[in-house]
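Undergrad: So I've got this file, work.tsv, and it contains TSV, C-alpha atoms (C1' of nucleotides):
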```
chain	number	residue	atom	x	y	z
A	22	MET	CA	92.48	89.46	135.43
A	23	SER	CA	89.12	89.99	133.83
A	24	THR	CA	87.62	87.45	131.47
A	25	MET	CA	89.11	87.70	128.05
A	26	THR	CA	86.43	88.32	125.46
A	27	ILE	CA	87.17	88.37	121.78
A	28	GLY	CA	87.80	92.09	121.71
A	29	LYS	CA	90.43	91.90	124.43
A	30	ALA	CA	92.06	88.90	122.83
A	31	ALA	CA	92.22	90.78	119.55
A	32	ARG	CA	93.78	93.82	121.15
A	33	ALA	CA	96.22	91.65	123.06
A	34	ALA	CA	97.29	89.98	119.85
A	35	GLY	CA	97.33	93.19	117.88
A	36	VAL	CA	94.71	92.26	115.32
A	37	GLY	CA	91.08	93.13	114.68
A	38	ILE	CA	88.13	91.17	116.01
A	39	GLU	CA	87.18	90.14	112.53
A	40	THR	CA	90.61	88.70	112.02
A	41	ILE	CA	90.20	86.43	115.03
A	42	ARG	CA	86.90	85.24	113.68
A	43	PHE	CA	88.41	84.77	110.27
A	44	TYR	CA	91.08	82.54	111.76
A	45	GLU	CA	88.43	80.58	113.62
A	46	ARG	CA	86.42	80.05	110.47
A	47	ASN	CA	89.52	78.79	108.77
A	48	GLY	CA	90.55	76.43	111.50
A	49	LEU	CA	93.69	78.29	112.51
A	50	ILE	CA	92.47	78.86	116.02
A	51	GLU	CA	89.82	77.10	117.97
A	52	GLN	CA	86.67	78.88	118.94
A	53	PRO	CA	86.14	78.60	122.68
A	54	PRO	CA	82.81	77.04	123.69
A	55	LYS	CA	79.98	79.37	124.43
A	56	PRO	CA	79.26	79.51	128.16
A	57	ALA	CA	76.39	77.22	129.08
A	58	CYS	CA	74.39	79.94	130.73
A	59	GLY	CA	74.52	82.35	127.80
A	60	GLY	CA	77.05	85.10	127.54
A	61	PHE	CA	80.27	85.81	125.77
A	62	ARG	CA	82.94	83.38	124.74
A	63	VAL	CA	86.02	83.42	126.91
A	64	TYR	CA	89.37	83.22	125.18
A	65	PRO	CA	92.34	81.52	126.78
A	66	GLU	CA	95.81	83.03	126.73
A	67	ASP	CA	96.72	80.39	124.22
A	68	THR	CA	94.59	82.07	121.59
A	69	VAL	CA	96.65	85.21	121.84
A	70	ARG	CA	99.84	83.20	121.53
A	71	ARG	CA	98.47	81.39	118.58
A	72	VAL	CA	97.51	84.55	116.78
A	73	ARG	CA	100.96	85.95	117.39
A	74	PHE	CA	102.42	82.75	116.01
A	75	ILE	CA	100.33	83.25	112.89
A	76	ARG	CA	101.48	86.83	112.44
A	77	GLN	CA	105.10	85.87	112.94
A	78	GLY	CA	104.71	83.18	110.32
A	79	GLN	CA	103.24	85.67	107.90
A	80	GLU	CA	106.18	87.95	108.51
A	81	LEU	CA	108.38	85.12	107.30
A	82	GLY	CA	106.31	84.71	104.19
A	83	PHE	CA	104.29	81.65	105.16
A	84	SER	CA	100.73	81.53	103.89
A	85	LEU	CA	97.91	80.87	106.30
A	86	ARG	CA	97.64	77.35	104.98
A	87	GLN	CA	101.29	76.69	105.64
A	88	ILE	CA	100.96	78.20	109.07
A	89	ALA	CA	98.06	75.89	109.78
A	90	GLU	CA	100.38	73.02	108.96
A	91	LEU	CA	103.01	74.35	111.30
A	92	LEU	CA	100.40	74.66	114.00
A	93	SER	CA	99.29	71.08	113.62
A	94	LEU	CA	102.90	69.96	113.66
A	95	LYS	CA	103.23	71.87	116.86
A	96	ALA	CA	100.25	70.05	118.31
A	97	ASP	CA	101.58	66.65	117.37
A	98	PRO	CA	103.87	65.17	120.02
A	99	ALA	CA	105.50	63.00	117.37
A	100	THR	CA	106.75	65.99	115.45
A	101	ASP	CA	110.46	66.26	115.20
A	102	CYS	CA	112.37	69.45	114.86
A	103	SER	CA	113.53	68.32	111.44
A	104	ASP	CA	109.95	68.51	110.13
A	105	VAL	CA	109.86	72.16	110.96
A	106	ARG	CA	113.30	72.75	109.62
A	107	ARG	CA	112.41	71.13	106.31
A	108	ARG	CA	109.52	73.52	105.92
A	109	ALA	CA	111.67	76.50	106.69
A	110	GLN	CA	114.15	75.32	104.14
A	111	ALA	CA	111.47	74.84	101.50
A	112	LYS	CA	110.24	78.32	102.22
A	113	LEU	CA	113.73	79.65	101.87
A	114	GLU	CA	113.97	78.08	98.44
A	115	GLU	CA	110.65	79.61	97.51
A	116	VAL	CA	111.89	82.98	98.60
A	117	ASP	CA	115.04	82.51	96.58
A	118	GLU	CA	113.00	81.76	93.49
A	119	LYS	CA	110.96	84.86	93.96
A	120	LEU	CA	114.10	86.87	94.48
A	121	ALA	CA	115.54	85.54	91.26
A	122	ARG	CA	112.45	86.39	89.29
A	123	LEU	CA	112.18	89.84	90.76
A	124	THR	CA	115.81	90.46	90.07
A	125	GLY	CA	115.21	89.55	86.45
A	126	ILE	CA	112.29	91.93	86.28
A	127	ARG	CA	114.39	94.62	87.84
A	128	ALA	CA	117.13	94.19	85.29
A	129	ALA	CA	114.66	94.30	82.42
A	130	LEU	CA	113.04	97.44	83.74
A	131	GLU	CA	116.36	99.12	84.29
A	132	GLU	CA	117.51	98.27	80.82
A	133	LEU	CA	114.34	99.66	79.33
A	134	ILE	CA	114.59	102.84	81.30
A	135	ALA	CA	118.18	103.32	80.32
A	136	ALA	CA	117.35	102.89	76.64
A	137	CYS	CA	114.34	105.21	76.73
A	138	PRO	CA	115.04	108.71	75.47
A	139	GLY	CA	112.86	110.02	78.27
A	140	ARG	CA	111.06	112.60	76.18
A	141	GLY	CA	109.58	113.01	72.78
A	142	ALA	CA	107.03	111.11	70.78
A	143	LEU	CA	105.66	107.88	72.04
A	144	ARG	CA	106.55	105.95	68.91
A	145	ALA	CA	110.18	106.50	69.71
A	146	CYS	CA	109.81	105.14	73.24
A	147	SER	CA	111.74	101.96	73.68
A	148	ILE	CA	109.66	100.93	76.65
A	149	MET	CA	106.50	100.91	74.62
A	150	GLY	CA	108.41	99.19	71.91
A	151	ALA	CA	109.43	96.42	74.23
A	152	LEU	CA	105.88	95.96	75.41
A	153	GLU	CA	104.65	95.89	71.83
A	154	GLY	CA	106.91	93.53	70.06
A	155	ALA	CA	109.17	91.31	72.02
A	156	GLU	CA	107.56	87.94	71.79
A	157	GLY	CA	108.86	85.94	74.63
A	158	ALA	CA	108.03	82.35	75.27
A	159	PRO	CA	104.33	82.08	74.46
A	160	MET	CA	103.48	81.29	78.05
A	161	SER	CA	100.82	78.66	77.83
A	162	PRO	CA	97.36	79.50	79.16
A	163	ARG	CA	98.09	77.69	82.32
A	164	GLN	CA	101.27	78.94	83.80
A	165	LYS	CA	101.23	81.16	86.73
A	166	GLU	CA	103.21	81.96	89.79
A	167	GLU	CA	103.69	85.39	91.18
A	168	LYS	CA	102.03	86.32	94.40
A	169	THR	CA	103.12	89.53	95.86
A	170	LEU	CA	105.18	88.85	98.86
B	12	MET	CA	94.08	83.75	57.10
B	13	SER	CA	90.41	83.17	57.49
B	14	THR	CA	88.31	85.40	59.71
B	15	MET	CA	89.76	85.60	63.15
B	16	THR	CA	87.27	84.39	65.71
B	17	ILE	CA	87.94	84.60	69.40
B	18	GLY	CA	89.44	81.15	69.59
B	19	LYS	CA	91.98	81.92	66.88
B	20	ALA	CA	92.82	85.25	68.41
B	21	ALA	CA	93.38	83.55	71.75
B	22	ARG	CA	95.65	80.94	70.22
B	23	ALA	CA	97.52	83.60	68.30
B	24	ALA	CA	98.10	85.56	71.49
B	25	GLY	CA	98.91	82.49	73.52
B	26	VAL	CA	96.09	82.80	76.01
B	27	GLY	CA	92.78	81.08	76.66
B	28	ILE	CA	89.46	82.22	75.24
B	29	GLU	CA	88.20	83.07	78.68
B	30	THR	CA	91.18	85.30	79.21
B	31	ILE	CA	90.29	87.35	76.13
B	32	ARG	CA	86.76	87.71	77.41
B	33	PHE	CA	88.06	88.62	80.83
B	34	TYR	CA	90.15	91.39	79.32
B	35	GLU	CA	87.13	92.61	77.37
B	36	ARG	CA	85.01	92.72	80.49
B	37	ASN	CA	87.69	94.70	82.21
B	38	GLY	CA	88.17	97.20	79.44
B	39	LEU	CA	91.67	96.12	78.52
B	40	ILE	CA	90.69	95.22	75.00
B	41	GLU	CA	87.71	96.23	72.98
B	42	GLN	CA	85.09	93.72	72.01
B	43	PRO	CA	84.54	93.78	68.24
B	44	PRO	CA	80.96	94.42	67.15
B	45	LYS	CA	78.80	91.44	66.43
B	46	PRO	CA	78.17	91.07	62.69
B	47	ALA	CA	74.82	92.53	61.71
B	48	CYS	CA	73.58	89.35	60.10
B	49	GLY	CA	74.27	87.11	63.09
B	50	GLY	CA	77.42	85.13	63.42
B	51	PHE	CA	80.71	85.29	65.27
B	52	ARG	CA	82.65	88.36	66.26
B	53	VAL	CA	85.69	89.03	64.14
B	54	TYR	CA	88.86	90.07	65.93
B	55	PRO	CA	91.37	92.41	64.31
B	56	GLU	CA	95.09	91.80	64.43
B	57	ASP	CA	95.29	94.63	66.90
B	58	THR	CA	93.59	92.54	69.54
B	59	VAL	CA	96.35	89.99	69.37
B	60	ARG	CA	98.98	92.72	69.63
B	61	ARG	CA	97.16	94.21	72.56
B	62	VAL	CA	96.96	90.92	74.43
B	63	ARG	CA	100.66	90.41	73.88
B	64	PHE	CA	101.27	93.89	75.21
B	65	ILE	CA	99.33	92.94	78.31
B	66	ARG	CA	101.30	89.75	78.84
B	67	GLN	CA	104.58	91.55	78.37
B	68	GLY	CA	103.53	94.10	80.92
B	69	GLN	CA	102.66	91.34	83.36
B	70	GLU	CA	106.09	89.86	82.80
B	71	LEU	CA	107.52	93.15	83.98
B	72	GLY	CA	105.36	93.07	87.07
B	73	PHE	CA	102.68	95.53	86.06
B	74	SER	CA	99.17	94.81	87.29
B	75	LEU	CA	96.31	94.73	84.84
B	76	ARG	CA	95.17	98.10	86.08
B	77	GLN	CA	98.55	99.62	85.46
B	78	ILE	CA	98.66	98.02	82.05
B	79	ALA	CA	95.28	99.54	81.27
B	80	GLU	CA	96.80	102.90	82.07
B	81	LEU	CA	99.71	102.24	79.78
B	82	LEU	CA	97.29	101.27	77.05
B	83	SER	CA	95.32	104.45	77.37
B	84	LEU	CA	98.52	106.44	77.35
B	85	LYS	CA	99.37	104.64	74.18
B	86	ALA	CA	96.07	105.64	72.65
B	87	ASP	CA	96.49	109.28	73.55
B	88	PRO	CA	98.42	111.26	70.92
B	89	ALA	CA	99.39	113.82	73.56
B	90	THR	CA	101.31	111.24	75.55
B	91	ASP	CA	104.97	111.92	75.88
B	92	CYS	CA	107.60	109.30	76.26
B	93	SER	CA	108.40	110.69	79.70
B	94	ASP	CA	104.98	109.64	80.97
B	95	VAL	CA	105.81	106.08	80.18
B	96	ARG	CA	109.27	106.37	81.56
B	97	ARG	CA	107.98	107.73	84.84
B	98	ARG	CA	105.77	104.72	85.24
B	99	ALA	CA	108.57	102.34	84.51
B	100	GLN	CA	110.66	104.10	87.07
B	101	ALA	CA	107.91	103.93	89.70
B	102	LYS	CA	107.59	100.23	89.00
B	103	LEU	CA	111.30	99.82	89.38
B	104	GLU	CA	111.09	101.39	92.81
B	105	GLU	CA	108.23	99.09	93.71
B	106	VAL	CA	110.28	96.11	92.62
B	107	ASP	CA	113.18	97.34	94.70
B	108	GLU	CA	110.96	97.54	97.74
B	109	LYS	CA	109.76	94.00	97.23
B	110	LEU	CA	113.32	92.87	96.80
B	111	ALA	CA	114.30	94.50	100.05
B	112	ARG	CA	111.45	92.88	101.93
B	113	LEU	CA	112.15	89.48	100.47
B	114	THR	CA	115.81	89.82	101.24
B	115	GLY	CA	114.95	90.53	104.84
B	116	ILE	CA	112.71	87.50	104.99
B	117	ARG	CA	115.45	85.43	103.44
B	118	ALA	CA	117.96	86.52	106.04
B	119	ALA	CA	115.56	85.78	108.88
B	120	LEU	CA	114.79	82.33	107.53
B	121	GLU	CA	118.42	81.53	107.02
B	122	GLU	CA	119.29	82.61	110.50
B	123	LEU	CA	116.53	80.48	111.95
B	124	ILE	CA	117.58	77.47	109.97
B	125	ALA	CA	121.18	77.89	111.03
B	126	ALA	CA	120.20	78.08	114.68
B	127	CYS	CA	117.87	75.08	114.50
B	128	PRO	CA	119.40	71.85	115.80
B	129	GLY	CA	117.67	70.07	112.93
B	130	ARG	CA	116.53	67.10	114.95
B	131	GLY	CA	115.16	66.30	118.33
B	132	ALA	CA	112.20	67.46	120.30
B	133	LEU	CA	110.09	70.28	119.07
B	134	ARG	CA	110.46	72.32	122.22
B	135	ALA	CA	114.11	72.72	121.48
B	136	CYS	CA	113.44	73.98	117.97
B	137	SER	CA	114.51	77.57	117.59
B	138	ILE	CA	112.29	78.07	114.55
B	139	MET	CA	109.20	77.25	116.54
B	140	GLY	CA	110.56	79.44	119.28
B	141	ALA	CA	110.83	82.37	116.94
B	142	LEU	CA	107.31	81.85	115.68
B	143	GLU	CA	106.03	81.79	119.20
B	144	GLY	CA	106.73	85.45	119.26
B	145	ALA	CA	109.68	85.57	121.59
B	146	GLU	CA	111.41	88.00	119.33
B	147	GLY	CA	114.51	88.51	121.43
B	148	ALA	CA	114.34	85.35	123.44
B	149	PRO	CA	114.41	82.06	121.59
B	150	MET	CA	113.84	78.94	123.64
B	151	SER	CA	110.77	79.47	125.67
B	152	PRO	CA	110.77	77.18	128.73
B	153	ARG	CA	107.91	74.89	128.07
B	154	GLN	CA	104.52	74.74	126.63
B	155	LYS	CA	101.99	72.10	126.33
B	156	GLU	CA	99.63	71.68	123.46
B	157	GLU	CA	97.24	69.14	122.20
B	158	LYS	CA	94.28	69.82	120.01
B	159	THR	CA	94.35	68.41	116.57
B	160	LEU	CA	93.57	70.84	113.84
C	23	DC	C1'	70.67	67.13	56.66
C	24	DT	C1'	72.97	65.84	60.56
C	25	DG	C1'	76.56	65.88	63.78
C	26	DC	C1'	79.92	68.18	66.12
C	27	DC	C1'	82.85	71.72	67.40
C	28	DA	C1'	83.19	76.62	68.15
C	29	DT	C1'	81.09	80.73	69.65
C	30	DA	C1'	78.05	83.94	72.59
C	31	DC	C1'	76.67	85.20	76.98
C	32	DG	C1'	75.66	85.32	81.73
C	33	DT	C1'	76.77	83.73	85.89
C	34	DA	C1'	79.21	81.33	89.31
C	35	DC	C1'	83.35	79.92	91.29
C	36	DC	C1'	88.73	79.35	92.64
C	37	DA	C1'	92.35	81.06	96.05
C	38	DT	C1'	94.10	84.73	99.32
C	39	DG	C1'	93.45	87.48	103.52
C	40	DA	C1'	90.90	89.88	105.33
C	41	DT	C1'	87.02	93.80	106.26
C	42	DA	C1'	82.22	95.38	106.72
C	43	DC	C1'	77.33	95.16	107.87
C	44	DG	C1'	72.94	94.32	110.15
C	45	DG	C1'	70.15	92.81	113.75
C	46	DA	C1'	69.78	90.64	118.00
C	47	DG	C1'	71.52	89.48	122.49
C	48	DT	C1'	74.39	90.60	126.74
C	49	DC	C1'	76.73	93.06	130.18
C	50	DA	C1'	78.13	96.60	133.23
C	51	DA	C1'	78.03	101.35	134.73
C	52	DG	C1'	75.26	105.15	136.18
D	13	DC	C1'	66.23	100.89	134.27
D	14	DT	C1'	68.39	102.76	130.70
D	15	DT	C1'	72.18	103.54	127.83
D	16	DG	C1'	76.13	102.49	125.52
D	17	DA	C1'	79.61	99.34	124.50
D	18	DC	C1'	80.51	94.98	123.35
D	19	DT	C1'	79.49	90.27	121.39
D	20	DC	C1'	77.30	86.78	118.27
D	21	DC	C1'	76.29	85.12	113.80
D	22	DG	C1'	75.61	84.93	109.09
D	23	DT	C1'	76.38	86.97	105.04
D	24	DA	C1'	78.38	90.21	101.77
D	25	DT	C1'	82.16	92.73	99.92
D	26	DC	C1'	87.00	94.06	98.56
D	27	DA	C1'	91.09	93.31	95.24
D	28	DT	C1'	93.50	90.20	91.94
D	29	DG	C1'	93.52	87.39	87.74
D	30	DG	C1'	91.47	84.49	85.92
D	31	DT	C1'	88.65	79.54	85.19
D	32	DA	C1'	84.42	76.94	84.62
D	33	DC	C1'	79.74	75.89	83.48
D	34	DG	C1'	75.25	75.82	81.18
D	35	DT	C1'	72.44	76.90	77.50
D	36	DA	C1'	71.56	78.58	73.05
D	37	DT	C1'	73.09	79.27	68.56
D	38	DG	C1'	76.44	79.46	64.32
D	39	DG	C1'	78.99	77.26	60.75
D	40	DC	C1'	81.09	73.67	58.33
D	41	DA	C1'	82.25	68.75	56.92
D	42	DG	C1'	80.48	64.64	55.58
```
For the file at hand, write its structure as structure tokens.
TA:
Amino acid sequence: MSTMTIGKAARAAGVGIETIRFYERNGLIEQPPKPACGGFRVYPEDTVRRVRFIRQGQELGFSLRQIAELLSLKADPATDCSDVRRRAQAKLEEVDEKLARLTGIRAALEELIAACPGRGALRACSIMGALEGAEGAPMSPRQKEEKTL
Amino acid sequence: MSTMTIGKAARAAGVGIETIRFYERNGLIEQPPKPACGGFRVYPEDTVRRVRFIRQGQELGFSLRQIAELLSLKADPATDCSDVRRRAQAKLEEVDEKLARLTGIRAALEELIAACPGRGALRACSIMGALEGAEGAPMSPRQKEEKTL
DNA sequence: CTGCCATACGTACCATGATACGGAGTCAAG
DNA sequence: CTTGACTCCGTATCATGGTACGTATGGCAG
């Protein structure tokens, strides 16, 4: 078992070196101390586990910030399972909202495509027409929420 | 119906002034020439229509870059309705892909939540177990952590 | 004429999740 | 001892869609 330098840790976790460093900079993983007598930092197995935790969380749609919260919950002996469950449930609701919005978009697109003649002059195109005219709710300057997930 | 300055155009289109300028910088709308004898730029009605076009496109999930393409199609007399339709169809497929991914995430979250006892010690939490990376094996024996993030 | 608000413009900054680069130091094999 | 691979560190860049700030000037009401 050779000493685990950053490159090996990265390969073990299936990410790039820069990704490890990025997580360190952002407090998601701890940077091991630099050996007193100069040399390379040695990464514990835990780092690899932690990185995998992060990637798993991303797979479930958690942002890095939310994953950081989960990680600090994990580190806190007072954390109850219900804390984690609450977060998963909140995320589920978030996902449901996104699904609803996307479904709406899908329906609108499908409707437009169905109505479009599919050939001929642009002025007859119902898709362009929809983009031109239909004034929806004015959508105040500050209203946002999309995020590709 | 006085001269339309940027602020009025922005209000008419339902966006902020900075948003108009942002669209100008990015070539989505054209910046009107500055009056010869000093003064404020005057925005034509078309700017307002164009901004609304952009917002409608965003509502349908098009990125600004894609909307810019739609706008230049619109400006090109050789554009056929089928060009537009093809893009809408591609976007529909994109939306379907996102829906599929989100649906998968949803299912995974729901499954985790169902399996989670909902209270008790963290080490028994199946959600944390899943994040740990034990993809087939929930419930990893034990792990110890401290370190406050 | 004097405020005051609006405009013009350039630049910097926000969040998100990385990726890339350059120069110096370190380590291990040959 | 040299070479090549790897590490360290700071900084810059990417894409996305804006928001904010500072300074100078324009235009209009009082």
Undergrad: First superpose chain A onto chain B using a least-squares fit over all Cα atoms taken in order; then report the RMSD in Å.
TA: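 C-alpha RMSD after least-squares superposition: 7.9 Å.
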Undergrad: Could you give me, as JSON lines, every segment 74-108 of chain A residue with an atom at most 10 Å from segment 32-52 of chain C, plus its closest atom pair and distance in Å to one decimal, counting all atoms listed in the file, rows ordered by chain then number?
TA:
```
{"residue": "A:Ser84", "atom": "CA", "partner": "C:DT38", "partner_atom": "C1'", "distance": 8.7}
{"residue": "A:Leu85", "atom": "CA", "partner": "C:DG39", "partner_atom": "C1'", "distance": 8.4}
{"residue": "A:Arg86", "atom": "CA", "partner": "C:DT38", "partner_atom": "C1'", "distance": 10.0}
```
Undergrad: Could you pull the residues within 8 Å of Gly129 of chain B, counting only C-alpha atoms (C1' of nucleotides), minus those fewer than 2 positions along the same chain, as a PyMOL selection string?
TA: (chain A and resi 102-103+106) or (chain B and resi 124+127+131+136)
Undergrad: Interatomic distance between atom CA of Lys19 of chain B and atom CA of Phe73 of chain B?
TA: 25.8 Å
Undergrad: Only residues of chain D matter here; which ones have an atom within 12 Å of chain A, counting all atoms listed in the file? Give them as a list in words.
TA: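 The complete set of qualifying residues is DA17, DC18, DT19, DC20, DC21, DG22, DT28, DG29, DG30 and DT31 of chain D.
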Undergrad: Please report the interatomic distance between atom CA of Pro53 of chain A and atom CA of Val72 of chain A in Å with one decimal.
TA: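 Distance reported for this atom pair: 14.1 Å.
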Undergrad: Give me, please, the distance in Å between atom CA of Ala145 of chain A and atom CA of Gly38 of chain B, quoted to one decimal.
TA: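 Here the two named atoms are 25.8 Å from each other.
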Undergrad: Measuring between only C-alpha atoms, which one of B:Leu71, B:Ala125, B:Val95, B:Met15 shows the shortest distance to Val53 of chain B?
TA: B:Met15
Undergrad: For chain C against chain B, which residues fall within 8 Å using all atoms listed in the file, given as a list of chain:residue names?
TA: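 Listed by rising number, the hits are C:DA28, C:DT29, C:DA30.
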Undergrad: Counting all atoms listed in the file, figure out which residue out of B:Gln100, B:Glu108, B:Arg36, B:Gln42 gets nearest to chain A.
TA: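 Residue with the minimum atom-to-atom distance to chain A: B:Gln100.
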Undergrad: Using 8 Å as the limit and counting all atoms listed in the file, can you tabulate each residue of chain B that touches chain A, with its shortest atom-to-atom distance in Å and the two atoms involved, as CSV?
TA:
```
residue,atom,partner,partner_atom,distance
B:Ala24,CA,A:Pro159,CA,7.7
B:Gly25,CA,A:Pro159,CA,5.5
B:Val26,CA,A:Pro162,CA,4.7
B:Gly27,CA,A:Pro162,CA,5.5
B:Arg60,CA,A:Glu153,CA,6.9
B:Arg61,CA,A:Glu153,CA,7.7
B:Arg63,CA,A:Glu153,CA,7.1
B:Phe64,CA,A:Leu152,CA,5.1
B:Ile65,CA,A:Leu152,CA,7.8
B:Gln67,CA,A:Leu152,CA,5.5
B:Gly68,CA,A:Leu152,CA,6.3
B:Glu70,CA,A:Ile126,CA,7.4
B:Leu71,CA,A:Ile126,CA,5.4
B:Gly72,CA,A:Ile126,CA,7.1
B:Lys85,CA,A:Leu143,CA,7.4
B:Thr90,CA,A:Leu143,CA,6.5
B:Asp91,CA,A:Ala142,CA,5.6
B:Cys92,CA,A:Arg140,CA,4.8
B:Ser93,CA,A:Gly139,CA,4.7
B:Val95,CA,A:Ile148,CA,7.3
B:Arg96,CA,A:Gly139,CA,6.1
B:Ala99,CA,A:Leu130,CA,6.7
B:Gln100,CA,A:Ile134,CA,7.1
B:Leu103,CA,A:Arg127,CA,6.2
B:Val106,CA,A:Arg127,CA,6.5
B:Asp107,CA,A:Arg127,CA,7.5
B:Lys109,CA,A:Leu170,CA,7.1
B:Leu110,CA,A:Leu120,CA,6.5
B:Leu113,CA,A:Val116,CA,6.8
B:Thr114,CA,A:Leu120,CA,7.6
B:Ile116,CA,A:Leu81,CA,5.5
B:Arg117,CA,A:Leu113,CA,6.2
B:Ala119,CA,A:Leu81,CA,7.4
B:Leu120,CA,A:Leu113,CA,6.4
B:Glu121,CA,A:Leu113,CA,7.2
B:Ile124,CA,A:Arg106,CA,6.4
B:Cys127,CA,A:Arg106,CA,7.1
B:Pro128,CA,A:Cys102,CA,7.5
B:Gly129,CA,A:Ser103,CA,4.7
B:Arg130,CA,A:Ser103,CA,4.8
B:Gly131,CA,A:Cys102,CA,5.5
B:Ala132,CA,A:Asp101,CA,5.5
B:Leu133,CA,A:Cys102,CA,4.9
B:Ala135,CA,A:Cys102,CA,7.6
B:Cys136,CA,A:Cys102,CA,5.6
B:Ile138,CA,A:Arg106,CA,7.3
B:Met139,CA,A:Val105,CA,7.6
B:Ala141,CA,A:Gln77,CA,7.8
B:Leu142,CA,A:Phe74,CA,5.0
B:Glu143,CA,A:Phe74,CA,4.9
B:Gly144,CA,A:Phe74,CA,6.0
B:Glu156,CA,A:Ala96,CA,5.4
B:Glu157,CA,A:Ala96,CA,5.0
B:Lys158,CA,A:Ala96,CA,6.2
B:Thr159,CA,A:Ser93,CA,6.3
B:Leu160,CA,A:Ser93,CA,5.7
```
Undergrad: Could the centre and edge lengths of an axis-aligned box, enclosing all atoms of segment 25-40 of chain D in the file with 3 Å extra on each side, be given in Å to one decimal as AutoDock Vina command-line options?
TA:
```
--center_x 82.5 --center_y 83.9 --center_z 79.1 --size_x 28.0 --size_y 26.4 --size_z 47.6
```
Undergrad: Kindly provide, as a list in words, the polymer residues lying within 12 Å of (83.7, 72.2, 67.5), counting all atoms listed in the file and using the coordinates exactly as they appear in the file.
TA: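 Looking at atoms near the point gives Gly18 of chain B; DG25, DC26, DC27, DA28 and DT29 of chain C; DG38, DG39, DC40 and DA41 of chain D.
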